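One structure is given here, and the rest of the page talks about it.
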Amino acid sequence: MSPERDTSFGAVVRMNLGAVLARARVRVVASWRETSWVIGETVFPFLTMAAFVLVYRGLKAPPMYEAFVVVGGAMIAYWNNVLWSMASQFFWEKEQGQLQLYLITPVSRMSILLGMALGGMAMTTSRAIAILAGGSLLFHVPIPSDRALPAFGLFLLTLAAVYALGMILSSLFLLWGREAWHTATLFQEPIYLASGFYFPVRELGPLAGGLAALLPITLGLDGIRQILYGEAAHGFVPLAWIPPIQVGLLILFLYLAHRALATMERLGKEEGRLTLRGA
Amino acid sequence: MTGDGARRDGANPAGRDDAAIRTVGLTRTFRGRRQEKAVEALRDVDLVVGRGECFGLLGPNGAGKSTLIKILTTLLLPTSGHASVAGYDVARHPLEVRRKINLVSGGDSSGYGILTVRETLHLFARFYGVPGDEARRRASMLMEMTRLSEKADTRLSSLSTGMKQKLNFARGFMSDPEIIFLDEPTLGLDVEAARDIRAFIAGWVRERPERTVLLTTHYMIEADELCGRVAFIDRGRILALDSPHALKRIVPSEPLFELQVGAGATGFELLREIVGIRSLAHHTHPGTGAIELRVIVDEDQTIGEVLGRLKSLGHPVLHLRKMEPTLETVFIHVVGRGLSDEEPVLTEAPAER
């Protein structure tokens, strides 16, 4: 007789946890085996950050702006990871004929996305640390150690919300079809501007800044700078509001990611597009 | 009829369908995004595959094989009709179905170039909740059977296409599925690799009599060798279904003989004078230069007269073989075209224009 599979609640939880870790491991392994990725994700953002620091120095801007750039440069690594390795991932998987292998497994699709997100965070953290450390050593940007812990707490909350947004985008990119490459580009430069990676978001003005603050990365960056540098950070949203808003966004994005996945799968099964390459 | 589609038909008293796969009136229509003409990929397909069967599905490109497999593996919804796998309705209980199945599509590879062969097998084992020790045991066994052991720690990006396909094949068995769907598993593989895969499938079925295989293939010999029953599918319809042996009996029995005579032999037109010869064709073997003749006769005895006439012409027969009908000939007979033909073969000479 063929064995009956264990379908108890505990077994299902174990299976899904195993899937999360297994999918995350792919990212972590990849981050160290492929030298070109290490260079692409560390050196290039570092160069961009360095260019902005030098521009601010050339313009004799307040030294605090250099700190904005270094902290923003570290966060850019995460947004790039969300766009290129999270939002686009299901699309690449489909093009390789691999998406169907995930879809026929009994694990939750959310577990696979969560694994991708956790692996992406772990993969990118090493890059972000390199940018942060390199920037503060090379350009003598101070990181107040007594405020590092609360800043790190908000940073983790921000990452969770940002990657939850990436989970939504992964389904949307798949539904939008063959233009995933262009869609990622479309999301890249405008977000660089709207998030205030290289300047305080308050400079965008109340309307544009308010819209930009709907992005968890904008909000997080604003809050982290406020925690680290206080009034000098030119904060936009009151610091006390930021953690609850981020928690709200995280919950909302996780819910929407779940719905987007279900919609993506339903449409795919109805129209047959999930396994059709180039569609 | 109960409310549970999974138990509509053929349910035993315990409530579970005896069949591994059952479809009733299964139809799938594709419509273009701009409401172009609809394409009916499957039309009213009724099919029952028993537990423990190795079942073959044969048909040309676009016949509906892959559409059927996608529905059965929960990747696609039927437009109408029902399908159940392992006793569960694929539309209503996809999760239950997924726990029981796996899928290998030939020509595809699985995993990421950055991972090794062993890591890839472990990755997919995790998606089915296979514990670590068991995953290691299965991975070793499957790598050995697919001759990938030496490449266990090689990255996928360094593997040949054939090796990637073999890995994809091994991946499908990591979950030890109750029912496995093999969609053209030897597509594009070299002869030796395809033989390895066939040997593996035969062994897997033999050692696990409760497990079910649904195999689609272009290669008739593969279905003939592996499958207990075979269905011919074309333009979304099942046209014939039986054991390969029984299907071969469908073809009208006109004895076909293949003969070989020495190089340079001529005068075969004289053979046409023999009463009872229905058809005669000959060609020169490109390697040896020997002449090969294919003769269709009304009755077996006629071939004796052919041999006598060849002898009198001074062409001793080097080799004689009676050809049995193959699944290929049966397929042409039933479907009206070969697996690789786009249009039906002509059974009568076309009228002159």
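In the structure tokens, the first chain shown is A, the next is B, and so on; residue numbers restart at 1 for each chain, and ligands run from 1 in the order shown.
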Can you pull out every residue from stretch 165-233 of chain A that DSSP, working from the backbone, puts in alpha helix (DSSP H), and format the result as a ChimeraX atom specification? /A:165-176,180-194,206-212,216-229
Using only C-alpha atoms, determine which residues lie at most 9 Å from B:Cys54, disregarding the query and same-chain residues fewer than 3 positions distant; provide the list as an NGL selection string. :B and (49-51 or 202 or 205 or 211-215 or 226-230)
Check which residues of chain B sit at most 6 Å from chain A using only C-alpha atoms, and return one row each with the closest pair of atoms and their distance in Å to one decimal, ordered by chain and rising number, as a tab-separated table.
```
residue	atom	partner	partner_atom	distance
B:Leu75	CA	A:Lys269	CA	5.7
B:Leu76	CA	A:Lys269	CA	4.1
B:Leu77	CA	A:Lys269	CA	5.3
B:Leu95	CA	A:Pro106	CA	5.7
B:Arg98	CA	A:Pro106	CA	5.2
B:Arg99	CA	A:Pro106	CA	5.4
B:Ile114	CA	A:Ala30	CA	6.0
B:Leu123	CA	A:Ala22	CA	5.7
B:Arg126	CA	A:Ala19	CA	5.4
B:Phe127	CA	A:Ala19	CA	5.1
B:Gly129	CA	A:Met15	CA	4.3
B:Glu210	CA	A:Met1	CA	5.8
```
Excluding stretch 25-29 of chain B and its own-chain neighbours fewer than 6 positions away, which residues fall within 6 Å of it when counting only C-alpha atoms? Please give them as number ranges by chain. B: 39-46, 78-82
Can you spit out the residues from that selection as a PDB file, in the first residue's frame, using N, CA and C atoms?
```pdb
ATOM      1  N   VAL B  39     -10.287  27.793 -28.888  1.00  0.00           N
ATOM      2  CA  VAL B  39      -9.635  26.533 -29.245  1.00  0.00           C
ATOM      3  C   VAL B  39     -10.038  25.489 -28.218  1.00  0.00           C
ATOM      4  N   GLU B  40     -10.612  24.414 -28.682  1.00  0.00           N
ATOM      5  CA  GLU B  40     -11.037  23.354 -27.764  1.00  0.00           C
ATOM      6  C   GLU B  40      -9.897  22.350 -27.623  1.00  0.00           C
ATOM      7  N   ALA B  41      -9.149  22.470 -26.536  1.00  0.00           N
ATOM      8  CA  ALA B  41      -7.968  21.614 -26.349  1.00  0.00           C
ATOM      9  C   ALA B  41      -8.345  20.224 -25.886  1.00  0.00           C
ATOM     10  N   LEU B  42      -9.442  20.119 -25.124  1.00  0.00           N
ATOM     11  CA  LEU B  42      -9.945  18.807 -24.694  1.00  0.00           C
ATOM     12  C   LEU B  42     -11.439  18.782 -24.929  1.00  0.00           C
ATOM     13  N   ARG B  43     -11.916  17.656 -25.448  1.00  0.00           N
ATOM     14  CA  ARG B  43     -13.348  17.578 -25.753  1.00  0.00           C
ATOM     15  C   ARG B  43     -13.960  16.322 -25.125  1.00  0.00           C
ATOM     16  N   ASP B  44     -14.688  16.528 -24.052  1.00  0.00           N
ATOM     17  CA  ASP B  44     -15.500  15.449 -23.507  1.00  0.00           C
ATOM     18  C   ASP B  44     -14.689  14.178 -23.243  1.00  0.00           C
ATOM     19  N   VAL B  45     -13.605  14.341 -22.517  1.00  0.00           N
ATOM     20  CA  VAL B  45     -12.706  13.204 -22.290  1.00  0.00           C
ATOM     21  C   VAL B  45     -13.166  12.390 -21.078  1.00  0.00           C
ATOM     22  N   ASP B  46     -13.430  11.126 -21.306  1.00  0.00           N
ATOM     23  CA  ASP B  46     -13.727  10.179 -20.228  1.00  0.00           C
ATOM     24  C   ASP B  46     -12.547   9.223 -20.121  1.00  0.00           C
ATOM     25  N   PRO B  78     -10.700  22.872 -15.594  1.00  0.00           N
ATOM     26  CA  PRO B  78     -11.465  22.460 -16.774  1.00  0.00           C
ATOM     27  C   PRO B  78     -12.572  23.472 -17.074  1.00  0.00           C
ATOM     28  N   THR B  79     -12.956  23.573 -18.338  1.00  0.00           N
ATOM     29  CA  THR B  79     -14.081  24.435 -18.693  1.00  0.00           C
ATOM     30  C   THR B  79     -15.387  23.763 -18.287  1.00  0.00           C
ATOM     31  N   SER B  80     -15.452  22.455 -18.497  1.00  0.00           N
ATOM     32  CA  SER B  80     -16.597  21.676 -18.001  1.00  0.00           C
ATOM     33  C   SER B  80     -16.144  20.244 -17.763  1.00  0.00           C
ATOM     34  N   GLY B  81     -16.989  19.492 -17.105  1.00  0.00           N
ATOM     35  CA  GLY B  81     -16.640  18.113 -16.760  1.00  0.00           C
ATOM     36  C   GLY B  81     -15.894  18.055 -15.440  1.00  0.00           C
ATOM     37  N   HIS B  82     -15.495  16.862 -15.072  1.00  0.00           N
ATOM     38  CA  HIS B  82     -14.841  16.648 -13.778  1.00  0.00           C
ATOM     39  C   HIS B  82     -13.582  15.817 -13.957  1.00  0.00           C
TER      40      HIS B  82
END
```
Pick out the residues sitting within 8 Å of A:Tyr198, and hand them over as a VMD selection string; count only C-alpha atoms, and ignore anything fewer than 6 positions along from it in its own chain. chain A and resid 49 52 65 68 to 69 72 to 73
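Candidate residues A:Ile227, A:Gly10, A:Leu249, A:Pro45 were compared for distance to A:Phe152, and the nearest is A:Ile227, using only C-alpha atoms.
Between atom CA of B:Gly276 and atom CA of B:Thr302 the separation is 6.3 Å.
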Run DSSP on the backbone and tell me which residues of stretch 145-266 of chain B come out as strand (DSSP E); list them as a list in words.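 The residues of stretch 145-266 of chain B classed as strand (DSSP E) are Ile179, Ile180, Phe181, Leu182, Asp183, Thr212, Val213, Leu214, Leu215, Thr216, Thr217, Arg229, Val230, Ala231, Phe232, Ile233, Asp234, Arg237, Ile238, Leu239, Ala240, Leu241, Asp242, Leu256, Phe257, Glu258, Leu259, Gln260 and Val261 of chain B.
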Keeping only C-alpha atoms, write the selected residues to a file as a CSV table (one decimal), in the first residue's frame.
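Written file, selection-v4.csv:
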```
chain,number,residue,atom,x,y,z
B,179,ILE,CA,0.8,9.2,-8.8
B,180,ILE,CA,3.5,10.6,-11.1
B,181,PHE,CA,2.8,12.5,-14.3
B,182,LEU,CA,5.6,12.1,-16.8
B,183,ASP,CA,5.1,14.5,-19.7
B,212,THR,CA,0.5,5.0,-10.7
B,213,VAL,CA,2.3,6.5,-13.7
B,214,LEU,CA,0.7,8.6,-16.4
B,215,LEU,CA,3.1,8.9,-19.3
B,216,THR,CA,2.8,11.1,-22.4
B,217,THR,CA,5.3,10.5,-25.1
B,229,ARG,CA,-2.6,0.5,-21.4
B,230,VAL,CA,-2.4,3.2,-23.9
B,231,ALA,CA,-4.8,5.9,-25.1
B,232,PHE,CA,-4.5,7.7,-28.5
B,233,ILE,CA,-5.5,11.3,-28.2
B,234,ASP,CA,-5.9,13.7,-31.1
B,237,ARG,CA,-10.5,13.5,-28.1
B,238,ILE,CA,-9.5,10.0,-26.9
B,239,LEU,CA,-9.8,7.9,-30.1
B,240,ALA,CA,-8.7,4.5,-28.8
B,241,LEU,CA,-7.8,3.0,-25.5
B,242,ASP,CA,-6.5,-0.5,-24.8
B,256,LEU,CA,4.4,-7.5,-44.1
B,257,PHE,CA,7.9,-9.0,-44.7
B,258,GLU,CA,11.2,-7.4,-44.9
B,259,LEU,CA,13.9,-9.1,-47.0
B,260,GLN,CA,17.5,-8.3,-47.7
B,261,VAL,CA,19.4,-9.4,-50.8
```
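Between atom CA of B:Phe30 and atom CA of A:Arg109 lies a distance of 25.5 Å.
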Which one is closest to A:Ile191: A:Val141, A:Val82, A:Leu261, A:Leu159? Count only C-alpha atoms.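 Using only C-alpha atoms, the shortest distance to A:Ile191 belongs to A:Val82.
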So the first atom is atom CA of B:Gly111 and the second is atom CA of A:Ala260; what is the distance between them in Å, to one decimal place?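 Computing it gives 24.5 Å between the two atoms.
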List as a VMD selection string the protein and nucleic acid residues near B:Gln165, meaning an atom at most 10 Å away when only C-alpha atoms are counted, but skip any in the same chain fewer than 3 places from it. chain B and resid 104 to 110 159 to 162 168 to 171 185 to 189 193
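Distances from B:Leu293, B:Ile197, B:Ile221, B:Val191 to B:Glu144 were compared using only C-alpha atoms, and the smallest one belongs to B:Ile197.
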So which residues touch A:Gly196 within 9 Å, counting only C-alpha atoms, skipping near sequence neighbours fewer than 2 positions away, as a PyMOL selection string? chain A and resi 68+72+191-194+198-204+212+218+221-222
Which polymer residues have any atom within 12 Å of an atom of B:Asp300, counting only C-alpha atoms, with same-chain residues fewer than 6 positions away left out, as a list of chain:residue names?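 Contacts, with the query itself left out: B:Ser253, B:Glu254, B:Pro255, B:Leu256, B:Phe257, B:Gly276, B:Ile277, B:Val306, B:Leu307, B:Arg321, B:Lys322, B:Met323.
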